[in-house]
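Shown here: start_10.cif, mmCIF, C-alpha atoms and all ligand atoms; chains and numbers go by the auth columns.
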data_data
loop_
_atom_site.group_PDB
_atom_site.id
_atom_site.type_symbol
_atom_site.label_atom_id
_atom_site.label_comp_id
_atom_site.label_asym_id
_atom_site.label_seq_id
_atom_site.Cartn_x
_atom_site.Cartn_y
_atom_site.Cartn_z
_atom_site.B_iso_or_equiv
_atom_site.auth_seq_id
_atom_site.auth_asym_id
ATOM 1 C CA MET A 1 -0.308 -8.127 -4.109 0.00 1370 Q
ATOM 2 C CA ALA A 2 2.766 -6.433 -5.487 0.00 1371 Q
ATOM 3 C CA ALA A 3 6.389 -5.825 -4.678 0.00 1372 Q
ATOM 4 C CA LYS A 4 7.086 -3.093 -2.169 0.00 1373 Q
ATOM 5 C CA ASN A 5 10.262 -1.055 -1.718 0.00 1374 Q
ATOM 6 C CA ASN A 6 11.632 -0.128 1.694 0.00 1375 Q
ATOM 7 C CA PRO A 7 13.178 3.341 1.317 0.00 1376 Q
ATOM 8 C CA ASN A 8 15.004 2.960 4.638 0.00 1377 Q
ATOM 9 C CA LYS A 9 17.045 0.055 3.226 0.00 1378 Q
ATOM 10 C CA CYS A 10 17.210 0.828 -0.505 0.00 1379 Q
ATOM 11 C CA LEU A 11 20.551 1.949 -1.997 0.00 1380 Q
ATOM 12 C CA TYR A 12 18.944 2.980 -5.305 0.00 1381 Q
ATOM 13 C CA CYS A 13 21.435 0.841 -7.190 0.00 1382 Q
ATOM 14 C CA GLY A 14 18.902 0.026 -9.906 0.00 1383 Q
ATOM 15 C CA GLY A 15 19.576 -3.704 -9.761 0.00 1384 Q
ATOM 16 C CA CYS A 16 15.940 -4.625 -9.378 0.00 1385 Q
ATOM 17 C CA VAL A 17 14.863 -2.429 -12.290 0.00 1386 Q
ATOM 18 C CA GLY A 18 16.767 -4.573 -14.794 0.00 1387 Q
ATOM 19 C CA VAL A 19 15.473 -7.948 -13.609 0.00 1388 Q
ATOM 20 C CA CYS A 20 11.762 -7.159 -13.607 0.00 1389 Q
ATOM 21 C CA PRO A 21 10.271 -9.171 -16.506 0.00 1390 Q
ATOM 22 C CA VAL A 22 7.349 -6.794 -16.926 0.00 1391 Q
ATOM 23 C CA GLN A 23 9.161 -3.450 -16.450 0.00 1392 Q
ATOM 24 C CA ALA A 24 7.111 -2.625 -13.371 0.00 1393 Q
ATOM 25 C CA ILE A 25 9.983 -0.898 -11.524 0.00 1394 Q
ATOM 26 C CA THR A 26 11.245 2.602 -12.239 0.00 1395 Q
ATOM 27 C CA LEU A 27 14.123 4.398 -10.532 0.00 1396 Q
ATOM 28 C CA ASN A 28 13.534 8.148 -10.363 0.00 1397 Q
ATOM 29 C CA ASP A 29 16.631 9.731 -8.803 0.00 1398 Q
ATOM 30 C CA THR A 30 16.107 8.628 -5.210 0.00 1399 Q
ATOM 31 C CA LYS A 31 12.763 6.933 -5.484 0.00 1400 Q
ATOM 32 C CA ILE A 32 11.773 3.433 -6.551 0.00 1401 Q
ATOM 33 C CA VAL A 33 8.314 3.396 -8.086 0.00 1402 Q
ATOM 34 C CA ILE A 34 6.500 0.084 -8.585 0.00 1403 Q
ATOM 35 C CA ASP A 35 3.540 -0.137 -10.928 0.00 1404 Q
ATOM 36 C CA LYS A 36 1.227 -2.411 -8.992 0.00 1405 Q
ATOM 37 C CA ASN A 37 -0.925 -2.991 -12.043 0.00 1406 Q
ATOM 38 C CA LYS A 38 2.027 -4.471 -13.919 0.00 1407 Q
ATOM 39 C CA CYS A 39 3.691 -6.474 -11.116 0.00 1408 Q
ATOM 40 C CA ILE A 40 3.105 -10.236 -11.389 0.00 1409 Q
ATOM 41 C CA ASN A 41 4.716 -11.073 -8.007 0.00 1410 Q
ATOM 42 C CA CYS A 42 7.501 -13.113 -9.575 0.00 1411 Q
ATOM 43 C CA GLY A 43 9.928 -12.277 -6.757 0.00 1412 Q
ATOM 44 C CA ALA A 44 12.893 -11.533 -9.034 0.00 1413 Q
ATOM 45 C CA CYS A 45 13.426 -8.096 -7.495 0.00 1414 Q
ATOM 46 C CA VAL A 46 13.308 -9.546 -3.989 0.00 1415 Q
ATOM 47 C CA LYS A 47 15.947 -12.173 -4.875 0.00 1416 Q
ATOM 48 C CA ILE A 48 18.383 -9.779 -6.515 0.00 1417 Q
ATOM 49 C CA CYS A 49 18.312 -7.085 -3.849 0.00 1418 Q
ATOM 50 C CA SER A 50 21.435 -7.459 -1.692 0.00 1419 Q
ATOM 51 C CA VAL A 51 20.032 -5.363 1.148 0.00 1420 Q
ATOM 52 C CA SER A 52 16.521 -6.888 1.328 0.00 1421 Q
ATOM 53 C CA ALA A 53 14.851 -3.631 0.379 0.00 1422 Q
ATOM 54 C CA MET A 54 12.176 -5.365 -1.701 0.00 1423 Q
ATOM 55 C CA GLU A 55 9.441 -7.563 -0.355 0.00 1424 Q
ATOM 56 C CA LEU A 56 6.215 -9.056 -1.621 0.00 1425 Q
ATOM 57 C CA GLU A 57 3.073 -8.058 0.228 0.00 1426 Q
HETATM 58 S S1 LIG B . 18.102 -3.777 -5.931 0.00 1501 O
HETATM 59 FE FE1 LIG B . 17.527 -3.250 -3.826 0.00 1501 O
HETATM 60 S S2 LIG B . 18.904 -1.595 -3.233 0.00 1501 O
HETATM 61 FE FE2 LIG B . 18.973 -1.739 -5.468 0.00 1501 O
HETATM 62 S S3 LIG B . 17.409 -0.261 -6.184 0.00 1501 O
HETATM 63 FE FE3 LIG B . 16.426 -2.269 -6.033 0.00 1501 O
HETATM 64 S S4 LIG B . 15.473 -2.318 -3.973 0.00 1501 O
HETATM 65 FE FE4 LIG B . 17.009 -0.659 -4.002 0.00 1501 O
HETATM 66 S S1 LIG B . 7.891 -9.071 -8.111 0.00 1502 O
HETATM 67 FE FE1 LIG B . 8.574 -9.467 -10.237 0.00 1502 O
HETATM 68 S S2 LIG B . 7.033 -8.425 -11.503 0.00 1502 O
HETATM 69 FE FE2 LIG B . 6.849 -7.558 -9.445 0.00 1502 O
HETATM 70 S S3 LIG B . 8.165 -5.748 -9.435 0.00 1502 O
HETATM 71 FE FE3 LIG B . 9.406 -7.481 -8.670 0.00 1502 O
HETATM 72 S S4 LIG B . 10.475 -8.288 -10.479 0.00 1502 O
HETATM 73 FE FE4 LIG B . 8.754 -6.983 -11.209 0.00 1502 O
#
Give the structure from the file, written as C-alpha cells.
Ligand code: SF4
Ligand code: SF4
Amino acid sequence: MAAKNNPNKCLYCGGCVGVCPVQAITLNDTKIVIDKNKCINCGACVKICSVSAMELE
C-alpha cells in the first residue's frame, strides 16, 4: 500500500510534496515520484490535492 499519483489529473503544483510527513514525494519537473518504502499511507497528500490526483491503493 502506498499513495499513487494520476499523471492525467496532476497539475504538478507541488502541494502534496510539502505535506508528506515522511518526505516520500518528490516533484521532478513534470513527474511526481512516490517512494513506496517511505509512504505510511497517512492520506495527507490525498486530502490536500485539489484535483484528486492522489489516491491510496
Ligand atoms: S497536490 Fe495534486 S496536483 Fe499538486 S502535485 Fe500533488 S498530486 Fe499533483
Ligand atoms: S499517504 Fe502520507 S506518507 Fe504516503 S505519500 Fe501521501 S502524504 Fe506521504
The residue from Q:Leu1425, Q:Leu1380, Q:Ala1372, Q:Val1388 with the smallest atom-to-atom distance to Val1402 (chain Q), counting only C-alpha atoms, is Q:Ala1372
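Within the file as shown, the PyMOL selection byres (((chain Q and resi 1424) around 12) and not hetatm) identifies Met1370, Ala1371, Ala1372, Lys1373, Asn1374, Asn1375, Pro1376, Lys1378, Cys1379, Cys1385, Ile1403, Asn1410, Cys1411, Gly1412, Ala1413, Cys1414, Val1415, Lys1416, Ile1417, Cys1418, Val1420, Ser1421, Ala1422, Met1423, Leu1425 and Glu1426 of chain Q.
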With 5 Å of padding per side, what axis-aligned box (centre and edge lengths, Å, one decimal) covers all the listed atoms of ligand LIG 1502 (chain O)? Give it as AutoDock Vina command-line options.
--center_x 8.7 --center_y -7.6 --center_z -9.8 --size_x 13.6 --size_y 13.7 --size_z 13.4
List the residues matched by the PyMOL selection byres (((chain Q and resi 1381) around 8) and not hetatm) in the displayed structure as a PyMOL selection string, ordered by chain and then by residue number.
chain Q and resi 1379-1380+1382-1383+1396+1398-1401
Create the file for the chosen residues now, containing C-alpha atoms and written as a PDB file, keeping the file's coordinate frame.
ATOM      1  CA  CYS Q1379      17.210   0.828  -0.505  1.00  0.00           C
ATOM      2  CA  LEU Q1380      20.551   1.949  -1.997  1.00  0.00           C
ATOM      3  CA  CYS Q1382      21.435   0.841  -7.190  1.00  0.00           C
ATOM      4  CA  GLY Q1383      18.902   0.026  -9.906  1.00  0.00           C
ATOM      5  CA  LEU Q1396      14.123   4.398 -10.532  1.00  0.00           C
ATOM      6  CA  ASP Q1398      16.631   9.731  -8.803  1.00  0.00           C
ATOM      7  CA  THR Q1399      16.107   8.628  -5.210  1.00  0.00           C
ATOM      8  CA  LYS Q1400      12.763   6.933  -5.484  1.00  0.00           C
ATOM      9  CA  ILE Q1401      11.773   3.433  -6.551  1.00  0.00           C
TER      10      ILE Q1401
END
How many Å separate CA of Lys1405 (chain Q) from atom FE3 of ligand LIG 1501 (chain O)?
15.5 Å
Interatomic distance, atom FE3 of ligand LIG 1502 (chain O) to CA of Gln1392 (chain Q) (Å, one decimal):
8.8 Å
Provide the atom S3 of ligand LIG 1501 (chain O) to CA of Ala1393 (chain Q) distance in Å, to one decimal place.
12.8 Å
With distances taken over only C-alpha atoms and all ligand atoms, the candidate from Q:Asp1404, Q:Cys1389, Q:Gly1384, Q:Asn1397 nearest ligand LIG 1501 (chain O) is Q:Gly1384
Quick one: of Q:Asn1377, Q:Asn1406, Q:Ser1419, Q:Val1391, who's nearest to ligand LIG 1501 (chain O), counting all atoms listed in the file?
Q:Ser1419
Starting from the structure just given, write a file holding region 1386-1413 of chain Q with N, CA and C atoms, as a PDB file, in the first residue's frame.
ATOM      1  N   VAL Q1386       3.835  17.533  -1.974  1.00  0.00           N
ATOM      2  CA  VAL Q1386       5.232  17.313  -1.561  1.00  0.00           C
ATOM      3  C   VAL Q1386       5.458  17.866  -0.150  1.00  0.00           C
ATOM      4  N   GLY Q1387       4.930  19.075   0.092  1.00  0.00           N
ATOM      5  CA  GLY Q1387       5.155  19.747   1.365  1.00  0.00           C
ATOM      6  C   GLY Q1387       4.411  19.152   2.539  1.00  0.00           C
ATOM      7  N   VAL Q1388       3.319  18.451   2.303  1.00  0.00           N
ATOM      8  CA  VAL Q1388       2.535  17.919   3.432  1.00  0.00           C
ATOM      9  C   VAL Q1388       2.919  16.498   3.833  1.00  0.00           C
ATOM     10  N   CYS Q1389       3.715  15.844   3.027  1.00  0.00           N
ATOM     11  CA  CYS Q1389       4.077  14.454   3.360  1.00  0.00           C
ATOM     12  C   CYS Q1389       4.991  14.439   4.589  1.00  0.00           C
ATOM     13  N   PRO Q1390       4.560  13.773   5.670  1.00  0.00           N
ATOM     14  CA  PRO Q1390       5.325  13.799   6.922  1.00  0.00           C
ATOM     15  C   PRO Q1390       6.619  12.991   6.864  1.00  0.00           C
ATOM     16  N   VAL Q1391       6.745  12.151   5.844  1.00  0.00           N
ATOM     17  CA  VAL Q1391       7.952  11.322   5.767  1.00  0.00           C
ATOM     18  C   VAL Q1391       8.770  11.593   4.494  1.00  0.00           C
ATOM     19  N   GLN Q1392       8.476  12.723   3.846  1.00  0.00           N
ATOM     20  CA  GLN Q1392       9.205  13.123   2.624  1.00  0.00           C
ATOM     21  C   GLN Q1392       9.269  11.994   1.580  1.00  0.00           C
ATOM     22  N   ALA Q1393       8.111  11.391   1.345  1.00  0.00           N
ATOM     23  CA  ALA Q1393       8.076  10.282   0.384  1.00  0.00           C
ATOM     24  C   ALA Q1393       7.791  10.757  -1.037  1.00  0.00           C
ATOM     25  N   ILE Q1394       7.419  12.055  -1.182  1.00  0.00           N
ATOM     26  CA  ILE Q1394       7.019  12.552  -2.509  1.00  0.00           C
ATOM     27  C   ILE Q1394       8.060  13.531  -3.040  1.00  0.00           C
ATOM     28  N   THR Q1395       8.445  13.315  -4.288  1.00  0.00           N
ATOM     29  CA  THR Q1395       9.386  14.212  -4.957  1.00  0.00           C
ATOM     30  C   THR Q1395       8.767  14.693  -6.258  1.00  0.00           C
ATOM     31  N   LEU Q1396       8.936  15.978  -6.548  1.00  0.00           N
ATOM     32  CA  LEU Q1396       8.472  16.536  -7.818  1.00  0.00           C
ATOM     33  C   LEU Q1396       9.690  16.784  -8.700  1.00  0.00           C
ATOM     34  N   ASN Q1397       9.775  16.028  -9.793  1.00  0.00           N
ATOM     35  CA  ASN Q1397      10.880  16.184 -10.737  1.00  0.00           C
ATOM     36  C   ASN Q1397      10.325  16.768 -12.025  1.00  0.00           C
ATOM     37  N   ASP Q1398      10.405  18.075 -12.185  1.00  0.00           N
ATOM     38  CA  ASP Q1398       9.876  18.747 -13.373  1.00  0.00           C
ATOM     39  C   ASP Q1398       8.410  18.391 -13.587  1.00  0.00           C
ATOM     40  N   THR Q1399       8.127  17.417 -14.409  1.00  0.00           N
ATOM     41  CA  THR Q1399       6.730  17.061 -14.662  1.00  0.00           C
ATOM     42  C   THR Q1399       6.459  15.617 -14.266  1.00  0.00           C
ATOM     43  N   LYS Q1400       7.058  15.218 -13.160  1.00  0.00           N
ATOM     44  CA  LYS Q1400       6.802  13.858 -12.696  1.00  0.00           C
ATOM     45  C   LYS Q1400       6.776  13.831 -11.175  1.00  0.00           C
ATOM     46  N   ILE Q1401       5.721  13.221 -10.627  1.00  0.00           N
ATOM     47  CA  ILE Q1401       5.647  13.009  -9.188  1.00  0.00           C
ATOM     48  C   ILE Q1401       6.151  11.598  -8.908  1.00  0.00           C
ATOM     49  N   VAL Q1402       7.161  11.503  -8.053  1.00  0.00           N
ATOM     50  CA  VAL Q1402       7.709  10.201  -7.709  1.00  0.00           C
ATOM     51  C   VAL Q1402       7.408   9.934  -6.237  1.00  0.00           C
ATOM     52  N   ILE Q1403       6.823   8.786  -5.951  1.00  0.00           N
ATOM     53  CA  ILE Q1403       6.494   8.408  -4.575  1.00  0.00           C
ATOM     54  C   ILE Q1403       7.355   7.223  -4.156  1.00  0.00           C
ATOM     55  N   ASP Q1404       8.060   7.398  -3.065  1.00  0.00           N
ATOM     56  CA  ASP Q1404       8.884   6.311  -2.529  1.00  0.00           C
ATOM     57  C   ASP Q1404       7.985   5.397  -1.701  1.00  0.00           C
ATOM     58  N   LYS Q1405       7.644   4.281  -2.277  1.00  0.00           N
ATOM     59  CA  LYS Q1405       6.703   3.361  -1.629  1.00  0.00           C
ATOM     60  C   LYS Q1405       7.251   2.778  -0.336  1.00  0.00           C
ATOM     61  N   ASN Q1406       8.548   2.753  -0.213  1.00  0.00           N
ATOM     62  CA  ASN Q1406       9.150   2.225   1.016  1.00  0.00           C
ATOM     63  C   ASN Q1406       9.040   3.215   2.169  1.00  0.00           C
ATOM     64  N   LYS Q1407       8.868   4.490   1.841  1.00  0.00           N
ATOM     65  CA  LYS Q1407       8.742   5.503   2.889  1.00  0.00           C
ATOM     66  C   LYS Q1407       7.288   5.788   3.244  1.00  0.00           C
ATOM     67  N   CYS Q1408       6.386   5.691   2.260  1.00  0.00           N
ATOM     68  CA  CYS Q1408       4.982   6.075   2.466  1.00  0.00           C
ATOM     69  C   CYS Q1408       4.336   5.277   3.594  1.00  0.00           C
ATOM     70  N   ILE Q1409       3.651   6.001   4.498  1.00  0.00           N
ATOM     71  CA  ILE Q1409       2.974   5.345   5.629  1.00  0.00           C
ATOM     72  C   ILE Q1409       1.445   5.412   5.476  1.00  0.00           C
ATOM     73  N   ASN Q1410       0.980   5.756   4.262  1.00  0.00           N
ATOM     74  CA  ASN Q1410      -0.454   5.768   3.954  1.00  0.00           C
ATOM     75  C   ASN Q1410      -1.258   6.685   4.858  1.00  0.00           C
ATOM     76  N   CYS Q1411      -0.695   7.847   5.177  1.00  0.00           N
ATOM     77  CA  CYS Q1411      -1.391   8.754   6.094  1.00  0.00           C
ATOM     78  C   CYS Q1411      -2.543   9.484   5.410  1.00  0.00           C
ATOM     79  N   GLY Q1412      -2.497   9.596   4.092  1.00  0.00           N
ATOM     80  CA  GLY Q1412      -3.587  10.241   3.356  1.00  0.00           C
ATOM     81  C   GLY Q1412      -3.482  11.748   3.247  1.00  0.00           C
ATOM     82  N   ALA Q1413      -2.434  12.346   3.785  1.00  0.00           N
ATOM     83  CA  ALA Q1413      -2.307  13.810   3.754  1.00  0.00           C
ATOM     84  C   ALA Q1413      -2.230  14.341   2.321  1.00  0.00           C
TER      85      ALA Q1413
END
